[in-house]
$ cat my_file-v8.csv   # CSV, C-alpha atoms
chain,number,residue,atom,x,y,z
V,1,MET,CA,81.8,165.1,174.2
V,2,ALA,CA,84.6,165.3,176.8
V,3,THR,CA,83.8,163.9,180.2
V,4,ALA,CA,83.6,166.6,182.9
V,5,PRO,CA,86.6,166.6,185.2
V,6,GLY,CA,86.2,165.0,188.6
V,7,THR,CA,83.0,163.1,187.8
V,8,PRO,CA,82.5,159.4,188.5
V,9,LEU,CA,82.6,158.7,184.8
V,10,GLN,CA,86.0,160.3,184.5
V,11,ARG,CA,87.3,158.5,187.6
V,12,GLN,CA,86.3,155.1,186.1
V,13,GLY,CA,88.3,155.9,182.9
V,14,THR,CA,85.7,157.5,180.6
V,15,ALA,CA,87.3,160.3,178.6
V,16,TRP,CA,84.5,160.9,176.1
V,17,THR,CA,80.8,160.2,175.7
V,18,CYS,CA,78.9,159.9,172.5
V,19,ILE,CA,75.2,159.7,171.6
V,20,ARG,CA,74.2,158.9,168.1
V,21,THR,CA,71.3,157.4,166.2
V,22,GLU,CA,71.1,154.9,163.3
V,23,SER,CA,68.4,153.0,161.5
V,24,ALA,CA,67.7,149.7,163.2
V,25,PRO,CA,69.1,147.0,160.9
V,26,ALA,CA,67.1,143.9,159.8
V,27,ASP,CA,68.9,141.6,162.4
V,28,ALA,CA,68.7,144.2,165.2
V,29,PRO,CA,67.4,143.0,168.5
V,30,ALA,CA,64.0,144.6,169.1
V,31,PRO,CA,61.4,144.3,171.8
V,32,SER,CA,59.2,142.1,169.7
V,33,GLY,CA,57.5,140.6,172.7
V,34,ARG,CA,56.3,144.0,173.9
V,35,ILE,CA,55.2,145.0,170.3
V,36,GLN,CA,53.4,141.8,169.8
V,37,ALA,CA,51.7,142.1,173.2
V,38,ALA,CA,50.3,145.4,172.1
V,39,ASP,CA,46.9,145.0,170.5
V,40,PRO,CA,47.5,145.8,166.7
V,41,LYS,CA,43.8,146.2,166.0
V,42,PRO,CA,43.5,149.9,167.1
V,43,ASN,CA,46.8,150.7,165.5
V,44,PRO,CA,47.8,148.5,162.6
V,45,GLY,CA,51.2,150.2,162.5
V,46,LEU,CA,52.2,148.2,165.5
V,47,GLY,CA,52.1,145.1,163.4
V,48,LEU,CA,54.7,146.6,161.1
V,49,CYS,CA,57.3,147.2,163.8
V,50,THR,CA,58.8,143.6,163.8
V,51,GLY,CA,59.6,143.6,160.0
V,52,GLU,CA,63.0,143.8,158.5
V,53,ALA,CA,63.1,147.4,157.1
V,54,ALA,CA,63.7,150.4,159.4
V,55,ILE,CA,60.6,152.0,157.9
V,56,GLN,CA,57.7,149.8,157.0
V,57,SER,CA,54.3,151.0,155.8
V,58,THR,CA,51.0,150.3,154.1
V,59,ARG,CA,48.8,153.0,152.6
V,60,LYS,CA,47.1,153.5,156.0
V,61,ALA,CA,49.8,152.7,158.6
V,62,TYR,CA,53.5,152.8,159.2
V,63,CYS,CA,56.2,152.0,161.7
V,64,VAL,CA,59.6,153.8,161.9
V,65,ARG,CA,62.3,151.9,163.9
V,66,HIS,CA,65.5,153.5,165.1
V,67,TRP,CA,68.4,153.0,167.5
V,68,VAL,CA,69.7,155.6,170.0
V,69,ILE,CA,73.2,154.5,170.9
V,70,TYR,CA,75.0,155.8,174.0
V,71,GLU,CA,78.8,155.1,174.2
V,72,ALA,CA,81.4,155.7,176.9
V,73,LEU,CA,84.9,155.9,175.4
V,74,GLY,CA,88.3,155.5,177.1
V,75,LYS,CA,91.3,157.7,176.6
V,76,ASP,CA,92.3,155.4,173.7
V,77,GLY,CA,89.1,156.2,171.9
V,78,GLN,CA,87.7,152.6,172.2
V,79,VAL,CA,84.2,152.0,173.5
V,80,ALA,CA,84.3,150.8,177.1
V,81,ASP,CA,80.6,150.8,177.8
V,82,HIS,CA,77.5,151.3,175.8
V,83,ALA,CA,73.7,151.1,175.8
V,84,THR,CA,71.3,150.9,172.8
V,85,VAL,CA,67.7,152.1,173.1
V,86,PHE,CA,65.2,150.9,170.5
V,87,VAL,CA,62.7,153.5,169.5
V,88,ALA,CA,59.6,152.7,167.4
V,89,ALA,CA,56.9,155.1,166.2
V,90,ALA,CA,53.8,153.3,164.9
V,91,ALA,CA,50.9,155.1,163.4
V,92,SER,CA,47.4,154.5,161.9
V,93,MET,CA,46.5,157.2,159.5
V,94,ASP,CA,42.9,157.4,160.8
V,95,SER,CA,43.8,157.3,164.5
V,96,LEU,CA,42.6,161.0,164.9
V,97,PRO,CA,39.8,162.9,163.1
V,98,GLN,CA,40.4,164.7,159.9
V,99,ALA,CA,43.9,165.4,158.7
V,100,ALA,CA,45.6,164.3,161.9
V,101,TRP,CA,47.2,161.2,163.3
V,102,GLN,CA,48.9,159.8,166.3
V,103,GLU,CA,52.0,157.6,166.8
V,104,ASP,CA,52.4,155.1,169.5
V,105,ILE,CA,55.9,155.3,170.8
V,106,ILE,CA,57.6,152.2,172.1
V,107,THR,CA,61.1,152.3,173.7
V,108,GLU,CA,63.2,149.6,175.2
V,109,VAL,CA,66.9,149.1,176.2
V,110,VAL,CA,68.0,146.3,173.9
V,111,GLU,CA,71.7,146.4,174.8
V,112,MET,CA,73.5,147.6,177.9
V,113,THR,CA,76.9,146.7,179.4
V,114,PRO,CA,76.9,145.8,183.1
V,115,THR,CA,78.9,148.9,184.1
V,116,MET,CA,77.1,151.4,181.8
V,117,PRO,CA,75.7,154.4,183.8
V,118,PRO,CA,72.0,155.3,183.5
V,119,VAL,CA,71.0,157.1,180.4
V,120,THR,CA,68.2,159.5,179.6
V,121,LEU,CA,66.0,160.0,176.5
V,122,ALA,CA,63.5,162.8,175.7
V,123,LEU,CA,61.7,162.5,172.4
V,124,SER,CA,60.0,165.2,170.3
V,125,SER,CA,59.2,165.7,166.7
V,126,THR,CA,58.8,168.3,164.0
V,127,CYS,CA,57.3,167.9,160.5
V,128,SER,CA,57.7,169.5,157.1
V,129,GLY,CA,54.9,170.7,154.7
V,130,GLN,CA,51.5,171.9,156.0
V,131,CYS,CA,51.9,170.2,159.3
V,132,THR,CA,51.9,171.1,163.0
V,133,PRO,CA,53.4,168.6,165.5
V,134,GLY,CA,51.8,167.9,168.9
V,135,SER,CA,53.4,167.8,172.3
V,136,ALA,CA,56.6,166.0,173.0
V,137,ALA,CA,56.4,162.4,174.3
V,138,TRP,CA,56.0,162.1,178.0
V,139,GLY,CA,55.0,165.7,178.3
V,140,GLY,CA,58.6,166.7,177.3
V,141,ALA,CA,60.1,164.9,180.3
V,142,ALA,CA,63.2,162.8,179.9
V,143,VAL,CA,62.9,159.0,180.6
V,144,ARG,CA,65.7,157.4,182.6
V,145,PHE,CA,66.9,153.9,181.7
V,146,ARG,CA,69.0,152.0,184.2
V,147,ARG,CA,69.0,148.4,183.1
V,148,LEU,CA,68.5,146.0,180.1
V,149,HIS,CA,64.9,145.6,178.8
V,150,GLU,CA,63.7,148.6,180.6
V,151,GLY,CA,61.2,150.6,178.5
V,152,LYS,CA,58.6,153.3,178.4
V,153,ASP,CA,55.7,153.9,176.0
V,154,GLY,CA,54.3,157.3,174.9
V,155,THR,CA,52.7,159.1,172.0
V,156,LEU,CA,53.4,161.8,169.4
V,157,SER,CA,50.8,163.5,167.1
V,158,TYR,CA,50.5,165.6,164.0
V,159,SER,CA,47.9,167.7,162.2
V,160,SER,CA,47.7,169.3,158.8
V,161,SER,CA,46.0,172.5,157.8
V,162,VAL,CA,45.8,171.5,154.1
V,163,GLY,CA,43.3,173.7,152.2
V,164,LYS,CA,40.2,172.6,150.3
V,165,GLY,CA,41.2,171.2,146.9
V,166,PHE,CA,44.8,170.8,147.7
V,167,HIS,CA,47.3,168.2,149.1
V,168,SER,CA,50.5,168.5,151.0
V,169,THR,CA,53.5,166.1,151.4
V,170,ILE,CA,54.7,165.9,155.0
V,171,GLN,CA,57.6,164.2,156.7
V,172,PRO,CA,58.1,163.9,160.4
V,173,THR,CA,61.5,164.3,161.9
V,174,TYR,CA,62.3,162.8,165.3
V,175,ARG,CA,64.6,164.6,167.8
V,176,VAL,CA,66.2,163.0,170.8
V,177,GLU,CA,67.7,164.8,173.7
V,178,GLY,CA,69.8,162.3,175.6
V,179,ALA,CA,72.5,162.1,178.2
V,180,ILE,CA,74.7,159.6,180.0
V,181,LEU,CA,74.4,160.4,183.7
V,182,ASN,CA,77.7,160.8,185.5
V,183,GLY,CA,76.4,161.1,189.0
V,184,SER,CA,77.9,164.6,189.6
V,185,GLY,CA,76.4,167.9,188.4
V,186,PRO,CA,73.9,168.4,185.6
V,187,PRO,CA,74.1,166.0,182.6
V,188,ARG,CA,75.5,167.2,179.2
V,189,HIS,CA,72.8,166.7,176.6
V,190,ILE,CA,73.3,165.8,172.9
V,191,ARG,CA,70.4,166.2,170.4
V,192,PRO,CA,70.6,163.8,167.4
V,193,GLU,CA,67.6,163.4,165.0
V,194,TRP,CA,66.3,161.2,162.1
V,195,ASN,CA,63.6,161.4,159.5
V,196,GLY,CA,60.4,159.4,159.3
V,197,THR,CA,58.3,158.3,156.4
V,198,GLU,CA,56.5,160.6,154.0
V,199,VAL,CA,52.8,161.2,154.5
V,200,ARG,CA,50.3,162.9,152.1
V,201,CYS,CA,47.4,164.9,153.5
V,202,ASP,CA,44.7,166.2,151.2
V,203,ASP,CA,41.3,167.9,151.2
V,204,GLU,CA,40.4,166.7,147.7
V,205,THR,CA,38.3,163.6,148.4
V,206,GLY,CA,35.1,163.4,150.4
V,207,ARG,CA,33.7,165.9,152.8
V,208,TRP,CA,36.7,166.2,155.1
V,209,PRO,CA,40.5,166.1,154.9
V,210,GLY,CA,42.7,163.1,155.7
V,211,CYS,CA,46.1,161.5,155.2
V,212,ILE,CA,47.7,158.4,153.7
V,213,VAL,CA,51.2,157.0,153.2
V,214,PRO,CA,52.1,157.5,149.5
V,215,GLY,CA,54.0,154.8,147.5
V,216,HIS,CA,51.3,152.2,147.9
V,217,LEU,CA,48.8,151.4,145.2
V,218,ALA,CA,45.3,152.3,146.1
V,219,ASN,CA,42.5,149.8,145.5
V,220,VAL,CA,38.8,149.4,144.9
V,221,THR,CA,37.7,146.0,146.2
V,222,LEU,CA,34.4,144.4,145.1
V,223,HIS,CA,33.0,141.0,146.1
V,224,LYS,CA,31.0,139.1,143.5
V,225,SER,CA,28.7,137.7,146.2
V,226,VAL,CA,27.7,141.3,146.9
V,227,TYR,CA,27.9,143.2,143.6
V,228,ARG,CA,27.0,140.2,141.5
V,229,GLY,CA,26.9,141.0,137.7
V,230,ALA,CA,28.7,144.3,138.1
V,231,ALA,CA,31.8,142.7,139.8
V,232,VAL,CA,31.7,139.8,137.3
V,233,ALA,CA,31.7,142.2,134.4
V,234,TYR,CA,34.8,144.0,135.7
V,235,GLU,CA,36.6,140.8,136.3
V,236,TRP,CA,35.7,139.6,132.8
V,237,ALA,CA,37.1,142.8,131.3
V,238,GLN,CA,40.4,142.4,133.3
V,239,THR,CA,40.7,138.9,132.0
V,240,ASN,CA,39.6,139.1,128.4
V,241,LEU,CA,40.6,142.6,127.2
V,242,THR,CA,44.2,143.0,126.1
V,243,GLY,CA,44.6,146.1,128.3
V,244,HIS,CA,43.8,144.2,131.5
V,245,TYR,CA,42.4,147.4,132.8
V,246,GLY,CA,42.4,147.8,136.6
V,247,GLY,CA,44.7,144.9,137.3
V,248,HIS,CA,47.7,145.3,139.6
V,249,ASP,CA,50.1,145.8,136.7
V,250,HIS,CA,47.6,147.9,134.6
V,251,PRO,CA,46.0,150.2,137.2
V,252,LEU,CA,43.3,152.8,136.4
V,253,ASN,CA,43.8,156.5,137.1
V,254,ARG,CA,41.1,158.5,138.7
V,255,PHE,CA,39.4,161.2,136.6
V,256,VAL,CA,37.9,164.3,138.2
V,257,ASP,CA,35.8,166.9,136.4
V,258,PRO,CA,34.6,169.6,138.8
V,259,LEU,CA,31.9,170.6,136.2
V,260,ASP,CA,30.6,167.1,135.9
V,261,PRO,CA,31.4,165.4,139.3
V,262,LYS,CA,29.3,162.3,138.5
V,263,ASN,CA,30.8,161.9,135.1
V,264,LYS,CA,27.4,161.8,133.5
V,265,LYS,CA,28.6,163.0,130.1
V,266,ARG,CA,31.4,160.4,129.9
V,267,ARG,CA,29.0,157.7,130.9
V,268,GLU,CA,26.5,158.8,128.2
V,269,LYS,CA,29.3,158.8,125.6
V,270,THR,CA,30.0,155.2,126.3
V,271,CYS,CA,26.4,154.0,126.8
V,272,ASP,CA,24.0,156.2,124.8
V,273,ARG,CA,25.7,158.1,122.0
V,274,GLY,CA,27.3,157.1,118.7
V,275,PRO,CA,26.2,154.6,116.1
V,276,THR,CA,25.6,151.7,118.5
V,277,PRO,CA,23.8,152.9,121.6
V,278,PHE,CA,23.4,150.4,124.4
V,279,VAL,CA,20.0,148.6,124.3
V,280,ARG,CA,18.7,148.0,127.8
V,281,GLY,CA,16.7,144.9,128.2
V,282,ALA,CA,18.0,143.3,125.0
V,283,THR,CA,19.4,140.2,126.7
V,284,GLY,CA,16.6,139.6,129.3
V,285,VAL,CA,18.3,141.0,132.4
V,286,PRO,CA,15.6,142.4,134.7
V,287,ASN,CA,15.9,146.0,135.7
V,288,ASP,CA,18.7,146.2,133.1
V,289,SER,CA,21.3,149.0,133.0
V,290,CYS,CA,24.5,149.9,131.2
V,291,ASP,CA,27.5,149.3,133.3
V,292,GLU,CA,30.7,150.6,131.7
V,293,TYR,CA,34.3,149.5,132.4
V,294,PRO,CA,36.8,151.0,132.7
V,295,PHE,CA,34.8,153.3,135.0
V,296,ALA,CA,33.8,156.7,133.6
V,297,ALA,CA,35.5,158.1,136.7
V,298,SER,CA,38.9,156.9,135.4
V,299,TRP,CA,41.1,158.4,132.7
V,300,GLN,CA,40.8,155.0,130.9
V,301,GLY,CA,37.0,155.3,130.8
V,302,GLY,CA,34.7,157.6,128.8
V,303,ASN,CA,35.3,155.7,125.5
V,304,ASP,CA,33.0,155.7,122.5
V,305,GLY,CA,30.5,152.9,123.0
V,306,ASP,CA,30.9,151.4,119.5
V,307,GLN,CA,34.5,150.5,120.5
V,308,CYS,CA,33.3,148.4,123.5
V,309,VAL,CA,32.6,144.7,123.8
V,310,ASP,CA,29.0,144.2,125.0
V,311,ILE,CA,28.5,141.4,127.5
V,312,THR,CA,25.9,139.9,129.8
V,313,PRO,CA,27.0,138.3,133.1
V,314,ARG,CA,24.6,135.6,134.4
V,315,GLN,CA,24.3,133.6,137.6
V,316,VAL,CA,24.9,129.9,136.9
V,317,GLY,CA,24.0,127.3,139.5
V,318,GLY,CA,23.7,130.0,142.1
V,319,VAL,CA,27.3,131.3,141.4
V,320,TRP,CA,28.4,134.6,139.9
V,321,ASP,CA,31.5,133.9,137.8
V,322,ILE,CA,33.0,135.0,134.5
V,323,SER,CA,32.2,131.5,133.1
V,324,GLY,CA,28.6,132.6,133.0
V,325,VAL,CA,29.3,135.7,130.8
V,326,THR,CA,28.1,135.7,127.2
V,327,VAL,CA,29.5,138.1,124.6
V,328,ASP,CA,26.7,139.9,122.8
V,329,ARG,CA,28.7,142.2,120.4
V,330,ALA,CA,32.4,142.4,119.6
V,331,THR,CA,34.6,143.4,116.6
V,332,GLN,CA,36.6,140.1,117.1
V,333,PRO,CA,35.3,136.6,117.2
V,334,ASN,CA,37.3,135.5,120.3
V,335,ALA,CA,39.3,136.7,123.3
V,336,PRO,CA,41.6,138.4,124.0
V,337,TYR,CA,39.7,141.4,122.7
V,338,ASN,CA,41.7,144.4,121.5
V,339,ALA,CA,39.0,146.8,122.8
V,340,PRO,CA,39.3,149.7,125.3
V,341,CYS,CA,36.1,148.9,127.2
V,342,ILE,CA,33.1,146.8,127.9
V,343,ARG,CA,29.4,147.6,128.3
V,344,ALA,CA,27.6,145.1,130.5
V,345,HIS,CA,23.9,144.3,131.0
V,346,VAL,CA,23.7,144.5,134.8
V,347,ASP,CA,20.9,144.9,137.2
V,348,ASP,CA,20.5,148.6,138.0
V,349,GLY,CA,20.7,148.0,141.7
V,350,ASP,CA,23.9,146.1,141.5
V,351,ASN,CA,25.3,148.8,139.2
V,352,GLU,CA,24.4,151.6,141.7
V,353,GLU,CA,25.8,149.6,144.6
V,354,ALA,CA,29.1,149.0,142.9
V,355,GLY,CA,29.3,152.7,142.0
V,356,GLY,CA,28.7,153.5,145.7
V,357,GLU,CA,31.5,151.1,146.8
V,358,PHE,CA,33.8,152.9,144.3
V,359,GLY,CA,33.0,156.2,145.9
V,360,ARG,CA,33.6,154.8,149.4
V,361,ALA,CA,37.0,153.4,148.3
V,362,VAL,CA,38.0,156.8,146.8
V,363,GLN,CA,37.3,158.3,150.3
V,364,SER,CA,38.8,155.5,152.3
V,365,ASP,CA,42.0,155.2,150.2
V,366,ARG,CA,42.0,159.0,149.5
V,367,ILE,CA,42.4,158.5,145.7
V,368,ILE,CA,43.1,162.0,144.3
V,369,ASP,CA,42.8,163.2,140.7
V,370,SER,CA,44.9,161.2,138.3
V,371,GLU,CA,46.2,158.8,141.0
V,372,ALA,CA,46.5,155.2,140.1
V,373,PHE,CA,44.4,152.5,141.7
V,374,GLU,CA,43.7,148.8,141.1
V,375,VAL,CA,40.4,147.1,141.0
V,376,ILE,CA,40.3,143.8,143.0
V,377,ILE,CA,37.6,141.3,142.5
V,378,LEU,CA,37.0,138.8,145.2
V,379,PRO,CA,34.4,136.0,145.6

$ encode --input "my_file-v8.csv" --output "structure tokens"
Amino acid sequence: MATAPGTPLQRQGTAWTCIRTESAPADAPAPSGRIQAADPKPNPGLGLCTGEAAIQSTRKAYCVRHWVIYEALGKDGQVADHATVFVAAAASMDSLPQAAWQEDIITEVVEMTPTMPPVTLALSSTCSGQCTPGSAAWGGAAVRFRRLHEGKDGTLSYSSSVGKGFHSTIQPTYRVEGAILNGSGPPRHIRPEWNGTEVRCDDETGRWPGCIVPGHLANVTLHKSVYRGAAVAYEWAQTNLTGHYGGHDHPLNRFVDPLDPKNKKRREKTCDRGPTPFVRGATGVPNDSCDEYPFAASWQGGNDGDQCVDITPRQVGGVWDISGVTVDRATQPNAPYNAPCIRAHVDDGDNEEAGGEFGRAVQSDRIIDSEAFEVIILP
């Protein structure tokens, strides 16, 4: 943009001004001190703002880092003065109720030549899909930066009206209105913009809608110290079946049947039907139950029971571990077993509690129909 005639900028030799944006490169100076000083516990996205990539995310948080670059060019077209403002938008996907979230905005001048005039920055956003953006940062006002390391924090927000039983892919777009102040007359504004990360909002899991960042494998995490024989059975299956079902490289896929939401028929097919029904109490487990894996609530589950390996996990020396598992019935003498499933003799309370944790993970990670997820077993 040409400098207005007679302004201080023109008199000092500035013929053109330019405002542009670009992704902050891996080696870009960033206000890491201010980001690290911010408490990452309420917003885990803040902890992603010091990484190498311009956009970093987990399933439940993200940070988008960008530069806004102001340049004063001489008559020869060379940059005589410049300023670079770092802008980060960090979000936790559960920062607001239901299908809404808020971004913490961090800005700081990371480069500024000594004779560069003050610059202004106003930040707003739009979003694609079934999404409505909130108010612009700082109430729509422009922030003025005069010196190196000056900064200003703010917020942006979004909400989705996704309908029951549906999901929507959303992408925020950030829009800057900036100017290089010339000290005479109104500033001439330029409006560059850039895209953020994709977000998926749904009203398919649980009682209320919510949002996640796609592209990250969902997980169901179970501790052996809590879910005992159930968790041991799943870990044994991941280790000893050739399919390694539920491992990171062999994820399960959620199965949803609106006519049988608890998958009772698929569970009965594995445990109670066919030529070899599961015999509860046969191995001496008190309050015995049939715990099937892969889960009946996965596409890999719902197998014929006679195809499964039957096992009994036991506590040995006060420790729940796969070393305490005995094989009660199998079509092969030794592992690895080329079978699609197991049926485990597990205390009914542990079975129910593990199923409850699966349901909570489905809601927390918002695992929709057919979506992949891994099963993580921890001590």

$ closest_residue --input "my_file-v8.csv" --among "V:Asn195, V:Lys269, V:Ala72, V:Pro133" --to "V:Leu181" --atoms "only C-alpha atoms"
V:Ala72

$ closest_residue --input "my_file-v8.csv" --among "V:Arg20, V:His149, V:His66, V:His244" --to "V:Ile105" --atoms "all atoms listed in the file"
V:His66

$ closest_residue --input "my_file-v8.csv" --among "V:Leu121, V:Cys127, V:Cys341, V:Cys49" --to "V:Phe145" --atoms "all atoms listed in the file"
V:Leu121

$ atom_distance --input "my_file-v8.csv" --atom1 "atom CA of V:Thr120" --atom2 "atom CA of V:His82"
13.0 Å

$ atom_distance --input "my_file-v8.csv" --atom1 "atom CA of V:Thr205" --atom2 "atom CA of V:Val64"
27.1 Å

$ closest_residue --input "my_file-v8.csv" --among "V:Ile212, V:Val362, V:Ile69, V:Leu217" --to "V:Trp101" --atoms "all atoms listed in the file"
V:Ile212

$ closest_residue --input "my_file-v8.csv" --among "V:Pro261, V:Gly243, V:Pro379, V:Gly274" --to "V:Thr221" --atoms "all atoms listed in the file"
V:Pro379

$ atom_distance --input "my_file-v8.csv" --atom1 "atom CA of V:Thr331" --atom2 "atom CA of V:Gly305"
12.2 Å

$ residues_around --input "my_file-v8.csv" --residues "V:Ile311" --least-positions-apart "5" --cutoff "12 Å" --atoms "all atoms listed in the file" --output "ChimeraX atom specification"
/V:229-230,232-237,240,278-280,282-283,285,289-293,322-330,341-346

$ residues_around --input "my_file-v8.csv" --residues "V:Glu111" --least-positions-apart "5" --cutoff "12 Å" --atoms "only C-alpha atoms" --output "list in words"
Ala28, Pro29, Ala30, Pro31, Trp67, Val68, Ile69, Tyr70, Glu71, Asp81, His82, Ala83, Thr84, Val85, Phe86, Met116, Phe145, Arg146, Arg147, Leu148, His149, Glu150 and Gly151 of chain V

$ closest_residue --input "my_file-v8.csv" --among "V:Gly210, V:Gly246, V:Gly129, V:Pro313" --to "V:Ile367" --atoms "all atoms listed in the file"
V:Gly210

$ residues_around --input "my_file-v8.csv" --residues "V:Thr169" --least-positions-apart "3" --cutoff "8 Å" --atoms "only C-alpha atoms" --output "VMD selection string"
chain V and resid 128 to 130 198 to 201

$ write_last_selection --input "my_file-v8.csv" --atoms "C-alpha atoms" --output "JSON list (two decimals), in the frame of the given file"
[["chain", "number", "residue", "atom", "x", "y", "z"],
["V", 128, "SER", "CA", 57.70, 169.50, 157.10],
["V", 129, "GLY", "CA", 54.90, 170.70, 154.70],
["V", 130, "GLN", "CA", 51.50, 171.90, 156.00],
["V", 198, "GLU", "CA", 56.50, 160.60, 154.00],
["V", 199, "VAL", "CA", 52.80, 161.20, 154.50],
["V", 200, "ARG", "CA", 50.30, 162.90, 152.10],
["V", 201, "CYS", "CA", 47.40, 164.90, 153.50]]

$ decode --input "my_file-v8.csv" --residues "stretch 335-357 of chain V" --atoms "N, CA and C atoms" --output "PDB file, in the first residue's frame"
ATOM      1  N   ALA V 335       0.189 -70.252  22.084  1.00  0.00           N
ATOM      2  CA  ALA V 335       0.110 -68.912  21.485  1.00  0.00           C
ATOM      3  C   ALA V 335       1.214 -68.749  20.449  1.00  0.00           C
ATOM      4  N   PRO V 336       1.045 -67.849  19.464  1.00  0.00           N
ATOM      5  CA  PRO V 336      -0.116 -66.958  19.297  1.00  0.00           C
ATOM      6  C   PRO V 336      -1.312 -67.703  18.719  1.00  0.00           C
ATOM      7  N   TYR V 337      -2.480 -67.341  19.185  1.00  0.00           N
ATOM      8  CA  TYR V 337      -3.709 -68.018  18.787  1.00  0.00           C
ATOM      9  C   TYR V 337      -4.359 -67.270  17.625  1.00  0.00           C
ATOM     10  N   ASN V 338      -4.652 -67.985  16.573  1.00  0.00           N
ATOM     11  CA  ASN V 338      -5.314 -67.411  15.412  1.00  0.00           C
ATOM     12  C   ASN V 338      -6.826 -67.463  15.631  1.00  0.00           C
ATOM     13  N   ALA V 339      -7.269 -66.711  16.623  1.00  0.00           N
ATOM     14  CA  ALA V 339      -8.681 -66.675  16.996  1.00  0.00           C
ATOM     15  C   ALA V 339      -9.138 -65.218  16.997  1.00  0.00           C
ATOM     16  N   PRO V 340     -10.412 -64.951  16.717  1.00  0.00           N
ATOM     17  CA  PRO V 340     -10.892 -63.570  16.644  1.00  0.00           C
ATOM     18  C   PRO V 340     -11.313 -62.984  17.980  1.00  0.00           C
ATOM     19  N   CYS V 341     -11.270 -63.823  19.064  1.00  0.00           N
ATOM     20  CA  CYS V 341     -11.831 -63.322  20.316  1.00  0.00           C
ATOM     21  C   CYS V 341     -11.397 -64.187  21.496  1.00  0.00           C
ATOM     22  N   ILE V 342     -11.672 -63.640  22.684  1.00  0.00           N
ATOM     23  CA  ILE V 342     -11.554 -64.429  23.910  1.00  0.00           C
ATOM     24  C   ILE V 342     -12.856 -64.309  24.682  1.00  0.00           C
ATOM     25  N   ARG V 343     -13.068 -65.294  25.561  1.00  0.00           N
ATOM     26  CA  ARG V 343     -14.101 -65.213  26.581  1.00  0.00           C
ATOM     27  C   ARG V 343     -13.398 -65.471  27.906  1.00  0.00           C
ATOM     28  N   ALA V 344     -13.548 -64.542  28.844  1.00  0.00           N
ATOM     29  CA  ALA V 344     -12.795 -64.644  30.089  1.00  0.00           C
ATOM     30  C   ALA V 344     -13.725 -64.833  31.282  1.00  0.00           C
ATOM     31  N   HIS V 345     -13.282 -65.700  32.212  1.00  0.00           N
ATOM     32  CA  HIS V 345     -13.970 -65.856  33.488  1.00  0.00           C
ATOM     33  C   HIS V 345     -13.543 -64.695  34.383  1.00  0.00           C
ATOM     34  N   VAL V 346     -14.458 -63.728  34.568  1.00  0.00           N
ATOM     35  CA  VAL V 346     -14.141 -62.491  35.291  1.00  0.00           C
ATOM     36  C   VAL V 346     -15.248 -62.197  36.288  1.00  0.00           C
ATOM     37  N   ASP V 347     -14.855 -61.748  37.475  1.00  0.00           N
ATOM     38  CA  ASP V 347     -15.829 -61.322  38.476  1.00  0.00           C
ATOM     39  C   ASP V 347     -16.824 -60.351  37.842  1.00  0.00           C
ATOM     40  N   ASP V 348     -18.108 -60.571  38.088  1.00  0.00           N
ATOM     41  CA  ASP V 348     -19.140 -59.788  37.423  1.00  0.00           C
ATOM     42  C   ASP V 348     -19.021 -58.297  37.750  1.00  0.00           C
ATOM     43  N   GLY V 349     -18.597 -57.972  38.965  1.00  0.00           N
ATOM     44  CA  GLY V 349     -18.419 -56.569  39.327  1.00  0.00           C
ATOM     45  C   GLY V 349     -17.319 -55.909  38.518  1.00  0.00           C
ATOM     46  N   ASP V 350     -16.194 -56.625  38.344  1.00  0.00           N
ATOM     47  CA  ASP V 350     -15.103 -56.087  37.538  1.00  0.00           C
ATOM     48  C   ASP V 350     -15.531 -55.932  36.078  1.00  0.00           C
ATOM     49  N   ASN V 351     -16.301 -56.890  35.589  1.00  0.00           N
ATOM     50  CA  ASN V 351     -16.812 -56.846  34.220  1.00  0.00           C
ATOM     51  C   ASN V 351     -17.687 -55.604  34.023  1.00  0.00           C
ATOM     52  N   GLU V 352     -18.610 -55.389  34.965  1.00  0.00           N
ATOM     53  CA  GLU V 352     -19.507 -54.236  34.869  1.00  0.00           C
ATOM     54  C   GLU V 352     -18.741 -52.921  34.969  1.00  0.00           C
ATOM     55  N   GLU V 353     -17.780 -52.850  35.878  1.00  0.00           N
ATOM     56  CA  GLU V 353     -17.014 -51.614  36.054  1.00  0.00           C
ATOM     57  C   GLU V 353     -16.183 -51.303  34.811  1.00  0.00           C
ATOM     58  N   ALA V 354     -15.590 -52.330  34.209  1.00  0.00           N
ATOM     59  CA  ALA V 354     -14.814 -52.109  32.990  1.00  0.00           C
ATOM     60  C   ALA V 354     -15.716 -51.622  31.862  1.00  0.00           C
ATOM     61  N   GLY V 355     -16.922 -52.187  31.775  1.00  0.00           N
ATOM     62  CA  GLY V 355     -17.874 -51.721  30.778  1.00  0.00           C
ATOM     63  C   GLY V 355     -18.280 -50.281  31.011  1.00  0.00           C
ATOM     64  N   GLY V 356     -18.419 -49.896  32.290  1.00  0.00           N
ATOM     65  CA  GLY V 356     -18.742 -48.519  32.612  1.00  0.00           C
ATOM     66  C   GLY V 356     -17.629 -47.566  32.205  1.00  0.00           C
ATOM     67  N   GLU V 357     -16.374 -48.005  32.392  1.00  0.00           N
ATOM     68  CA  GLU V 357     -15.243 -47.165  31.996  1.00  0.00           C
ATOM     69  C   GLU V 357     -15.192 -47.020  30.478  1.00  0.00           C
TER      70      GLU V 357
END
